[in-house]
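Structure record follows, encoded as structure tokens.
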Amino acid sequence: MSDIPLEDFTAEVESYLAEHYPRVRRGTQQRFVWGEGSDEVRVFQEPDPDAEADALPAIRAWRAGLWQAGLGWITGPTEYGGRGLPGGYQRAFERVSRGFEVPGDGSLTVSLGMIAPTILAHGSEEQKRHYLPKMFSGELISCQLFSEPGAGSDLASLSCKAVRDEDGWRLTGQKVWTSGAHLADIGEIICRTADEPRHRNLTAFLVDMHAPGVQVRPLRQMTGGASFNEVFLDDVPVPDSARLDEEGNGWKVALTTLANERGAMGASSFGGAGILSTERLAGLIRHAGMADDPVVRRAFGELLVHLRAARYTQQVMGARAKAGDAPGPEVALNKIALSDNMARLGSFVAEVLGPKAVADTGEWGSYAWTSVILGAPGYRLGGGTDEVLKNTIAQRVLGLPRAR
């Protein structure tokens, strides 16, 4: 139980943020107005590399300050530097912080939402005490090195190898679609450490992304951005102390990370102030002169129903996570809802815009949707394909037999 009343904790957060960051000015958080401000809409954040690098020191300083103030890991175990408070205290922190101009954790989603929970679940005591404080304080940023050119959805068939030597392990292979690899200090990687049997021949490691033999290259997407990377590993040395869990338990480690990934991705499946904003979509319909078209109105209504259903599903999953329950296989529902909603959104916008979606005339709110139409299909692949996740739900949630 908490040893500090929630109202006292909220006042503590308010005091710290007021001392270090300016408040959001009154009137700057206005409702969306068609034609005002930037019309950029993206399904993937694709920041300019220089701007992203320039923003990183402020993000690290934000995390360092929170850590020193006892606010860096509010729900984390006290033995690893956390505050040990219930999930309601984290929500209170988030609510208060929205009133201040803070750098936020946007670049740390993989690090804090996926890799840190995996280390907490599978790391040795020494690894937990070494890595977790550095990750939550912003000293270390991490990435996820799972997918390969020949092993995406079928992750168990990966070919990146880890071979034992007298000093630990040597890693050789290639990973792909790695978010944030160009910013990361460490990476959670799954490697083949033995021949068959399948699923028991994989081992997880934490690899130094600055080590000799590690090369990160950006991947240019058809949206024009480069938010993902491919990573090449050429005989990279990794000590055995950087191994996560036991040798051969890499598949179990990977499932933990993937469950957290799907939960994080699914959290955006119900929309909000961004690309799934009701106001923005309604403005698009009115601007296109289709507000009275019964077919468009019906399609818009159906889209909103799916978004609302996904919101409720995500809230149930989120409540379980905040209560301390580890994400289970049912979290795949969030990810499927996200990819379905993105596909619906892309199709709907394309129908409303017509040729304006492919010809940039400079008209506000038209061609800007192209990145959504081109990027939406990627959600059917990232974090596990829809087909794989539906099998997971069928077998591990509904208890259905495997097809023969």
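Lettering and numbering for the structure tokens are positional, with chains as A, B, ... in the shown order, residues counted from 1 in each chain, and ligands counted from 1 in the shown order.
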
Per-residue DSSP, stretch 125-220 of chain A, filtered to strand (DSSP E), as an MDAnalysis selection string:
chainID A and resid 142:145 161:165 168:175 186:192 202:208 214:219

Next, dump the selected residues to file, keeping only N, CA, C and O atoms, as a compact mmCIF listing (two decimals), in the first residue's frame.
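Result file is selection-v3.txt:
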# COMPACT_ATOMS: atom_id res chain seq x y z
N SER A 142 17.02 2.07 -25.07
CA SER A 142 17.12 0.73 -25.64
C SER A 142 16.19 0.56 -26.83
O SER A 142 15.24 1.32 -27.02
N CYS A 143 16.47 -0.47 -27.62
CA CYS A 143 15.64 -0.82 -28.78
C CYS A 143 15.43 -2.33 -28.80
O CYS A 143 16.03 -3.07 -28.01
N GLN A 144 14.58 -2.78 -29.70
CA GLN A 144 14.19 -4.19 -29.80
C GLN A 144 14.70 -4.77 -31.11
O GLN A 144 14.33 -4.32 -32.19
N LEU A 145 15.55 -5.78 -31.03
CA LEU A 145 16.17 -6.40 -32.20
C LEU A 145 15.61 -7.81 -32.38
O LEU A 145 16.21 -8.79 -31.94
N LYS A 161 22.91 -15.49 -35.29
CA LYS A 161 23.52 -16.49 -34.42
C LYS A 161 24.33 -15.87 -33.29
O LYS A 161 24.96 -14.82 -33.46
N ALA A 162 24.32 -16.54 -32.16
CA ALA A 162 25.20 -16.22 -31.04
C ALA A 162 26.01 -17.47 -30.75
O ALA A 162 25.45 -18.53 -30.45
N VAL A 163 27.33 -17.38 -30.87
CA VAL A 163 28.23 -18.52 -30.68
C VAL A 163 29.09 -18.27 -29.46
O VAL A 163 29.67 -17.19 -29.30
N ARG A 164 29.19 -19.25 -28.60
CA ARG A 164 30.00 -19.12 -27.39
C ARG A 164 31.48 -19.02 -27.72
O ARG A 164 31.97 -19.69 -28.64
N ASP A 165 32.20 -18.19 -26.96
CA ASP A 165 33.66 -18.22 -26.99
C ASP A 165 34.13 -18.10 -25.54
O ASP A 165 33.33 -18.07 -24.61
N GLY A 168 32.55 -15.11 -23.66
CA GLY A 168 31.09 -14.94 -23.65
C GLY A 168 30.48 -15.42 -24.94
O GLY A 168 30.46 -16.63 -25.21
N TRP A 169 30.01 -14.49 -25.78
CA TRP A 169 29.32 -14.83 -27.01
C TRP A 169 29.77 -13.90 -28.13
O TRP A 169 30.17 -12.75 -27.89
N ARG A 170 29.65 -14.38 -29.37
CA ARG A 170 29.88 -13.56 -30.56
C ARG A 170 28.62 -13.60 -31.41
O ARG A 170 28.13 -14.67 -31.78
N LEU A 171 28.08 -12.42 -31.72
CA LEU A 171 26.81 -12.31 -32.43
C LEU A 171 27.03 -11.89 -33.88
O LEU A 171 27.78 -10.94 -34.15
N THR A 172 26.38 -12.61 -34.79
CA THR A 172 26.49 -12.30 -36.22
C THR A 172 25.13 -12.46 -36.89
O THR A 172 24.47 -13.49 -36.70
N GLY A 173 24.71 -11.45 -37.65
CA GLY A 173 23.44 -11.54 -38.37
C GLY A 173 22.89 -10.17 -38.70
O GLY A 173 23.60 -9.15 -38.61
N GLN A 174 21.62 -10.13 -39.06
CA GLN A 174 20.97 -8.88 -39.46
C GLN A 174 19.57 -8.81 -38.86
O GLN A 174 18.84 -9.80 -38.85
N LYS A 175 19.22 -7.65 -38.35
CA LYS A 175 17.87 -7.38 -37.86
C LYS A 175 17.28 -6.24 -38.68
O LYS A 175 18.01 -5.43 -39.26
N ILE A 186 21.54 0.40 -25.87
CA ILE A 186 21.51 -1.06 -25.75
C ILE A 186 20.32 -1.58 -26.54
O ILE A 186 19.36 -0.85 -26.80
N GLY A 187 20.38 -2.86 -26.92
CA GLY A 187 19.29 -3.48 -27.63
C GLY A 187 19.00 -4.87 -27.08
O GLY A 187 19.93 -5.62 -26.75
N GLU A 188 17.72 -5.18 -26.93
CA GLU A 188 17.34 -6.55 -26.58
C GLU A 188 17.29 -7.35 -27.87
O GLU A 188 16.54 -7.04 -28.78
N ILE A 189 18.09 -8.40 -27.94
CA ILE A 189 18.21 -9.17 -29.18
C ILE A 189 17.95 -10.65 -28.91
O ILE A 189 18.32 -11.18 -27.86
N ILE A 190 17.27 -11.28 -29.86
CA ILE A 190 17.03 -12.73 -29.80
C ILE A 190 17.89 -13.38 -30.87
O ILE A 190 17.84 -12.98 -32.04
N CYS A 191 18.68 -14.38 -30.47
CA CYS A 191 19.60 -15.06 -31.38
C CYS A 191 19.44 -16.57 -31.31
O CYS A 191 18.99 -17.11 -30.30
N ARG A 192 19.84 -17.22 -32.39
CA ARG A 192 19.87 -18.68 -32.42
C ARG A 192 21.16 -19.14 -31.76
O ARG A 192 22.25 -18.75 -32.18
N LEU A 202 16.67 -20.66 -28.91
CA LEU A 202 16.88 -19.22 -28.97
C LEU A 202 17.27 -18.69 -27.59
O LEU A 202 16.83 -19.21 -26.56
N THR A 203 18.09 -17.64 -27.60
CA THR A 203 18.54 -17.03 -26.35
C THR A 203 18.50 -15.51 -26.51
O THR A 203 18.76 -14.98 -27.59
N ALA A 204 18.15 -14.82 -25.43
CA ALA A 204 18.05 -13.37 -25.43
C ALA A 204 19.28 -12.74 -24.79
O ALA A 204 19.82 -13.26 -23.80
N PHE A 205 19.70 -11.60 -25.34
CA PHE A 205 20.84 -10.87 -24.82
C PHE A 205 20.53 -9.38 -24.81
O PHE A 205 19.62 -8.91 -25.50
N LEU A 206 21.33 -8.64 -24.06
CA LEU A 206 21.35 -7.19 -24.12
C LEU A 206 22.68 -6.79 -24.76
O LEU A 206 23.74 -7.02 -24.19
N VAL A 207 22.60 -6.22 -25.96
CA VAL A 207 23.81 -5.92 -26.72
C VAL A 207 24.08 -4.42 -26.71
O VAL A 207 23.16 -3.61 -26.80
N ASP A 208 25.35 -4.08 -26.58
CA ASP A 208 25.79 -2.68 -26.63
C ASP A 208 25.69 -2.19 -28.07
O ASP A 208 26.39 -2.69 -28.95
N VAL A 214 28.65 -3.39 -34.75
CA VAL A 214 27.23 -3.03 -34.84
C VAL A 214 27.10 -1.85 -35.80
O VAL A 214 27.72 -0.80 -35.61
N GLN A 215 26.29 -2.03 -36.83
CA GLN A 215 26.07 -0.97 -37.81
C GLN A 215 24.58 -0.75 -37.98
O GLN A 215 23.83 -1.70 -38.22
N VAL A 216 24.13 0.50 -37.87
CA VAL A 216 22.72 0.87 -37.98
C VAL A 216 22.52 1.68 -39.25
O VAL A 216 23.22 2.66 -39.50
N ARG A 217 21.55 1.26 -40.07
CA ARG A 217 21.24 1.96 -41.31
C ARG A 217 19.75 2.29 -41.35
O ARG A 217 18.92 1.43 -41.08
N PRO A 218 19.38 3.53 -41.70
CA PRO A 218 17.96 3.89 -41.79
C PRO A 218 17.29 3.20 -42.96
O PRO A 218 17.91 2.93 -43.98
N LEU A 219 15.99 2.92 -42.81
CA LEU A 219 15.17 2.33 -43.87
C LEU A 219 14.20 3.39 -44.38
O LEU A 219 13.35 3.88 -43.62

Name the residues in contact with A:Phe93 at a cut-off of 8 Å, using only C-alpha atoms, excluding same-chain residues fewer than 3 positions from it; report them as a PDB file with N, CA and C atoms, in the first residue's frame.
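File around-v4.pdb, as written:
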ATOM      1  N   THR A  10       0.075  14.244  -5.600  1.00  0.00           N
ATOM      2  CA  THR A  10      -0.279  15.140  -6.699  1.00  0.00           C
ATOM      3  C   THR A  10       0.315  16.528  -6.468  1.00  0.00           C
ATOM      4  N   VAL A  13       4.020  16.425  -7.285  1.00  0.00           N
ATOM      5  CA  VAL A  13       4.264  16.475  -8.726  1.00  0.00           C
ATOM      6  C   VAL A  13       4.072  17.893  -9.242  1.00  0.00           C
ATOM      7  N   TYR A  89      -1.355   6.502  -9.032  1.00  0.00           N
ATOM      8  CA  TYR A  89      -0.392   7.591  -8.833  1.00  0.00           C
ATOM      9  C   TYR A  89       0.298   7.942 -10.149  1.00  0.00           C
ATOM     10  N   GLN A  90       0.563   6.939 -10.973  1.00  0.00           N
ATOM     11  CA  GLN A  90       1.143   7.211 -12.291  1.00  0.00           C
ATOM     12  C   GLN A  90       0.145   7.999 -13.145  1.00  0.00           C
ATOM     13  N   VAL A  96      -1.301  15.633 -14.314  1.00  0.00           N
ATOM     14  CA  VAL A  96      -0.697  16.911 -13.933  1.00  0.00           C
ATOM     15  C   VAL A  96       0.311  17.373 -14.980  1.00  0.00           C
ATOM     16  N   SER A  97       1.102  16.444 -15.514  1.00  0.00           N
ATOM     17  CA  SER A  97       2.162  16.823 -16.462  1.00  0.00           C
ATOM     18  C   SER A  97       1.604  17.383 -17.762  1.00  0.00           C
TER      19      SER A  97
END

Among listed residues A:Gln395, A:Asn334, A:Asn341, A:Ser147, nearest A:Gln314 (using only C-alpha atoms)
A:Asn334

Using 9 Å as the limit and counting only C-alpha atoms, can you tabulate each residue of stretch 83-164 of chain A that touches stretch 52-64 of chain A, with its shortest atom-to-atom distance in Å and the two atoms involved, as a tab-separated table?
residue	atom	partner	partner_atom	distance
A:Val102	CA	A:Trp62	CA	7.5
A:Pro103	CA	A:Ile59	CA	5.5
A:Gly104	CA	A:Ile59	CA	6.7
A:Asp105	CA	A:Ile59	CA	7.0
A:Gly106	CA	A:Ile59	CA	8.8
A:Ser107	CA	A:Ile59	CA	8.0
A:Leu108	CA	A:Ile59	CA	8.8
A:Met135	CA	A:Arg63	CA	8.9
A:Phe136	CA	A:Arg63	CA	6.7
A:Ser137	CA	A:Ala64	CA	4.5
A:Gly138	CA	A:Arg60	CA	4.7
A:Glu139	CA	A:Arg60	CA	6.7
A:Leu140	CA	A:Arg60	CA	8.8

Keeping N, CA and C atoms, export the residues of the selection given above as a short mmCIF file (atom, residue, chain, number, x, y, z; two decimals), in the first residue's frame.
data_model
loop_
_atom_site.label_atom_id
_atom_site.label_comp_id
_atom_site.auth_asym_id
_atom_site.auth_seq_id
_atom_site.Cartn_x
_atom_site.Cartn_y
_atom_site.Cartn_z
N VAL A 102 6.56 19.92 -21.08
CA VAL A 102 7.64 18.98 -20.76
C VAL A 102 8.06 18.24 -22.03
N PRO A 103 9.32 17.77 -22.09
CA PRO A 103 9.77 17.01 -23.27
C PRO A 103 9.01 15.71 -23.47
N GLY A 104 8.61 15.05 -22.39
CA GLY A 104 7.86 13.81 -22.51
C GLY A 104 8.73 12.62 -22.87
N ASP A 105 8.09 11.47 -22.99
CA ASP A 105 8.79 10.20 -23.20
C ASP A 105 8.55 9.60 -24.58
N GLY A 106 8.20 10.43 -25.56
CA GLY A 106 7.85 9.91 -26.88
C GLY A 106 8.94 9.05 -27.51
N SER A 107 10.21 9.40 -27.29
CA SER A 107 11.31 8.64 -27.88
C SER A 107 11.69 7.43 -27.04
N LEU A 108 11.01 7.23 -25.92
CA LEU A 108 11.39 6.18 -24.98
C LEU A 108 10.33 5.09 -24.85
N MET A 135 17.86 3.13 -17.28
CA MET A 135 16.84 3.30 -18.33
C MET A 135 15.79 4.32 -17.91
N PHE A 136 15.31 4.22 -16.68
CA PHE A 136 14.27 5.14 -16.24
C PHE A 136 14.80 6.53 -15.94
N SER A 137 16.11 6.66 -15.74
CA SER A 137 16.71 7.98 -15.54
C SER A 137 17.16 8.60 -16.85
N GLY A 138 16.98 7.87 -17.98
CA GLY A 138 17.34 8.41 -19.28
C GLY A 138 18.79 8.26 -19.65
N GLU A 139 19.59 7.63 -18.80
CA GLU A 139 21.01 7.44 -19.12
C GLU A 139 21.19 6.45 -20.26
N LEU A 140 20.34 5.41 -20.29
CA LEU A 140 20.39 4.40 -21.34
C LEU A 140 19.06 4.36 -22.08
#

Can you check which parts of stretch 15-94 of chain A lie within 12 Å of stretch 118-133 of chain A? Per residue, the shortest pair of atoms and distance in Å to one decimal, counting only C-alpha atoms, sorted by chain and number, as CSV.
residue,atom,partner,partner_atom,distance
A:Arg63,CA,A:Pro133,CA,10.6
A:Ala64,CA,A:Pro133,CA,10.0
A:Leu66,CA,A:Pro133,CA,11.6
A:Trp67,CA,A:Pro133,CA,8.2
A:Gln68,CA,A:Pro133,CA,10.6
A:Gly70,CA,A:Pro133,CA,11.3
A:Leu71,CA,A:Pro133,CA,11.9
A:Gly72,CA,A:Pro133,CA,8.8
A:Trp73,CA,A:Pro133,CA,8.7
A:Gly76,CA,A:Leu120,CA,9.4
A:Pro77,CA,A:Leu120,CA,9.4
A:Thr78,CA,A:Pro133,CA,10.7
A:Glu79,CA,A:Arg129,CA,8.0
A:Tyr80,CA,A:Arg129,CA,5.6
A:Gly81,CA,A:Pro133,CA,6.1
A:Gly82,CA,A:Pro133,CA,8.2
A:Arg83,CA,A:Pro133,CA,11.7

Those residues with N, CA, C and O atoms, as an mmCIF file, in the first residue's frame please?
data_model
loop_
_atom_site.group_PDB
_atom_site.id
_atom_site.type_symbol
_atom_site.label_atom_id
_atom_site.label_comp_id
_atom_site.auth_asym_id
_atom_site.auth_seq_id
_atom_site.Cartn_x
_atom_site.Cartn_y
_atom_site.Cartn_z
ATOM 1 N N ARG A 63 14.168 12.994 -17.941
ATOM 2 C CA ARG A 63 14.141 11.741 -17.203
ATOM 3 C C ARG A 63 15.078 11.777 -15.998
ATOM 4 O O ARG A 63 14.745 11.274 -14.919
ATOM 5 N N ALA A 64 16.255 12.382 -16.165
ATOM 6 C CA ALA A 64 17.211 12.462 -15.059
ATOM 7 C C ALA A 64 16.635 13.264 -13.892
ATOM 8 O O ALA A 64 16.776 12.883 -12.715
ATOM 9 N N LEU A 66 13.417 13.750 -13.195
ATOM 10 C CA LEU A 66 12.344 12.977 -12.579
ATOM 11 C C LEU A 66 12.913 11.900 -11.656
ATOM 12 O O LEU A 66 12.393 11.663 -10.553
ATOM 13 N N TRP A 67 13.980 11.260 -12.115
ATOM 14 C CA TRP A 67 14.579 10.185 -11.310
ATOM 15 C C TRP A 67 15.107 10.732 -9.985
ATOM 16 O O TRP A 67 14.878 10.154 -8.916
ATOM 17 N N GLN A 68 15.797 11.850 -10.045
ATOM 18 C CA GLN A 68 16.350 12.441 -8.835
ATOM 19 C C GLN A 68 15.261 12.897 -7.876
ATOM 20 O O GLN A 68 15.453 12.891 -6.659
ATOM 21 N N GLY A 70 12.453 11.360 -7.472
ATOM 22 C CA GLY A 70 11.630 10.225 -7.054
ATOM 23 C C GLY A 70 10.379 10.044 -7.880
ATOM 24 O O GLY A 70 9.426 9.389 -7.447
ATOM 25 N N LEU A 71 10.387 10.603 -9.101
ATOM 26 C CA LEU A 71 9.214 10.516 -9.977
ATOM 27 C C LEU A 71 9.524 9.791 -11.281
ATOM 28 O O LEU A 71 8.704 9.781 -12.192
ATOM 29 N N GLY A 72 10.691 9.180 -11.385
ATOM 30 C CA GLY A 72 11.107 8.549 -12.630
ATOM 31 C C GLY A 72 10.482 7.200 -12.886
ATOM 32 O O GLY A 72 10.342 6.782 -14.046
ATOM 33 N N TRP A 73 10.110 6.479 -11.819
ATOM 34 C CA TRP A 73 9.482 5.164 -11.984
ATOM 35 C C TRP A 73 8.492 5.003 -10.842
ATOM 36 O O TRP A 73 8.748 4.323 -9.870
ATOM 37 N N GLY A 76 7.416 1.454 -9.984
ATOM 38 C CA GLY A 76 8.488 0.454 -9.958
ATOM 39 C C GLY A 76 8.841 -0.004 -8.559
ATOM 40 O O GLY A 76 8.638 0.710 -7.572
ATOM 41 N N PRO A 77 9.396 -1.216 -8.467
ATOM 42 C CA PRO A 77 9.825 -1.736 -7.159
ATOM 43 C C PRO A 77 10.876 -0.836 -6.520
ATOM 44 O O PRO A 77 11.790 -0.349 -7.191
ATOM 45 N N THR A 78 10.757 -0.631 -5.236
ATOM 46 C CA THR A 78 11.674 0.270 -4.537
ATOM 47 C C THR A 78 13.102 -0.239 -4.546
ATOM 48 O O THR A 78 14.043 0.556 -4.518
ATOM 49 N N GLU A 79 13.300 -1.545 -4.603
ATOM 50 C CA GLU A 79 14.659 -2.089 -4.584
ATOM 51 C C GLU A 79 15.436 -1.761 -5.843
ATOM 52 O O GLU A 79 16.670 -1.891 -5.863
ATOM 53 N N TYR A 80 14.744 -1.332 -6.890
ATOM 54 C CA TYR A 80 15.425 -0.947 -8.125
ATOM 55 C C TYR A 80 15.296 0.548 -8.405
ATOM 56 O O TYR A 80 15.511 0.992 -9.521
ATOM 57 N N GLY A 81 14.937 1.295 -7.371
ATOM 58 C CA GLY A 81 14.862 2.741 -7.520
ATOM 59 C C GLY A 81 13.481 3.287 -7.799
ATOM 60 O O GLY A 81 13.312 4.501 -7.933
ATOM 61 N N GLY A 82 12.491 2.412 -7.893
ATOM 62 C CA GLY A 82 11.132 2.863 -8.137
ATOM 63 C C GLY A 82 10.486 3.407 -6.876
ATOM 64 O O GLY A 82 11.043 3.308 -5.776
ATOM 65 N N ARG A 83 9.310 3.954 -7.037
ATOM 66 C CA ARG A 83 8.591 4.554 -5.902
ATOM 67 C C ARG A 83 7.680 3.549 -5.213
ATOM 68 O O ARG A 83 7.253 3.752 -4.081
#

I want to know what sits within 9 Å of A:Trp364, based on only C-alpha atoms, with residues of the same chain fewer than 2 positions away left out; could you give that as a list in words?
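Skipping anything fewer than 2 positions along the chain leaves Trp34, Gly35, Glu36, Ser38, Asp39, Thr361, Gly362, Ser366, Tyr367 and Ala368 of chain A.
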
Interatomic distance (Å, one decimal) between atom CA of A:Gly150 and atom CA of A:Trp177:
12.1 Å

Atomic distance atom CA of A:Gly225 - atom CA of A:Val41, expressed in Å with one decimal
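Straight-line distance from atom CA of A:Gly225 to atom CA of A:Val41 works out to 12.6 Å.
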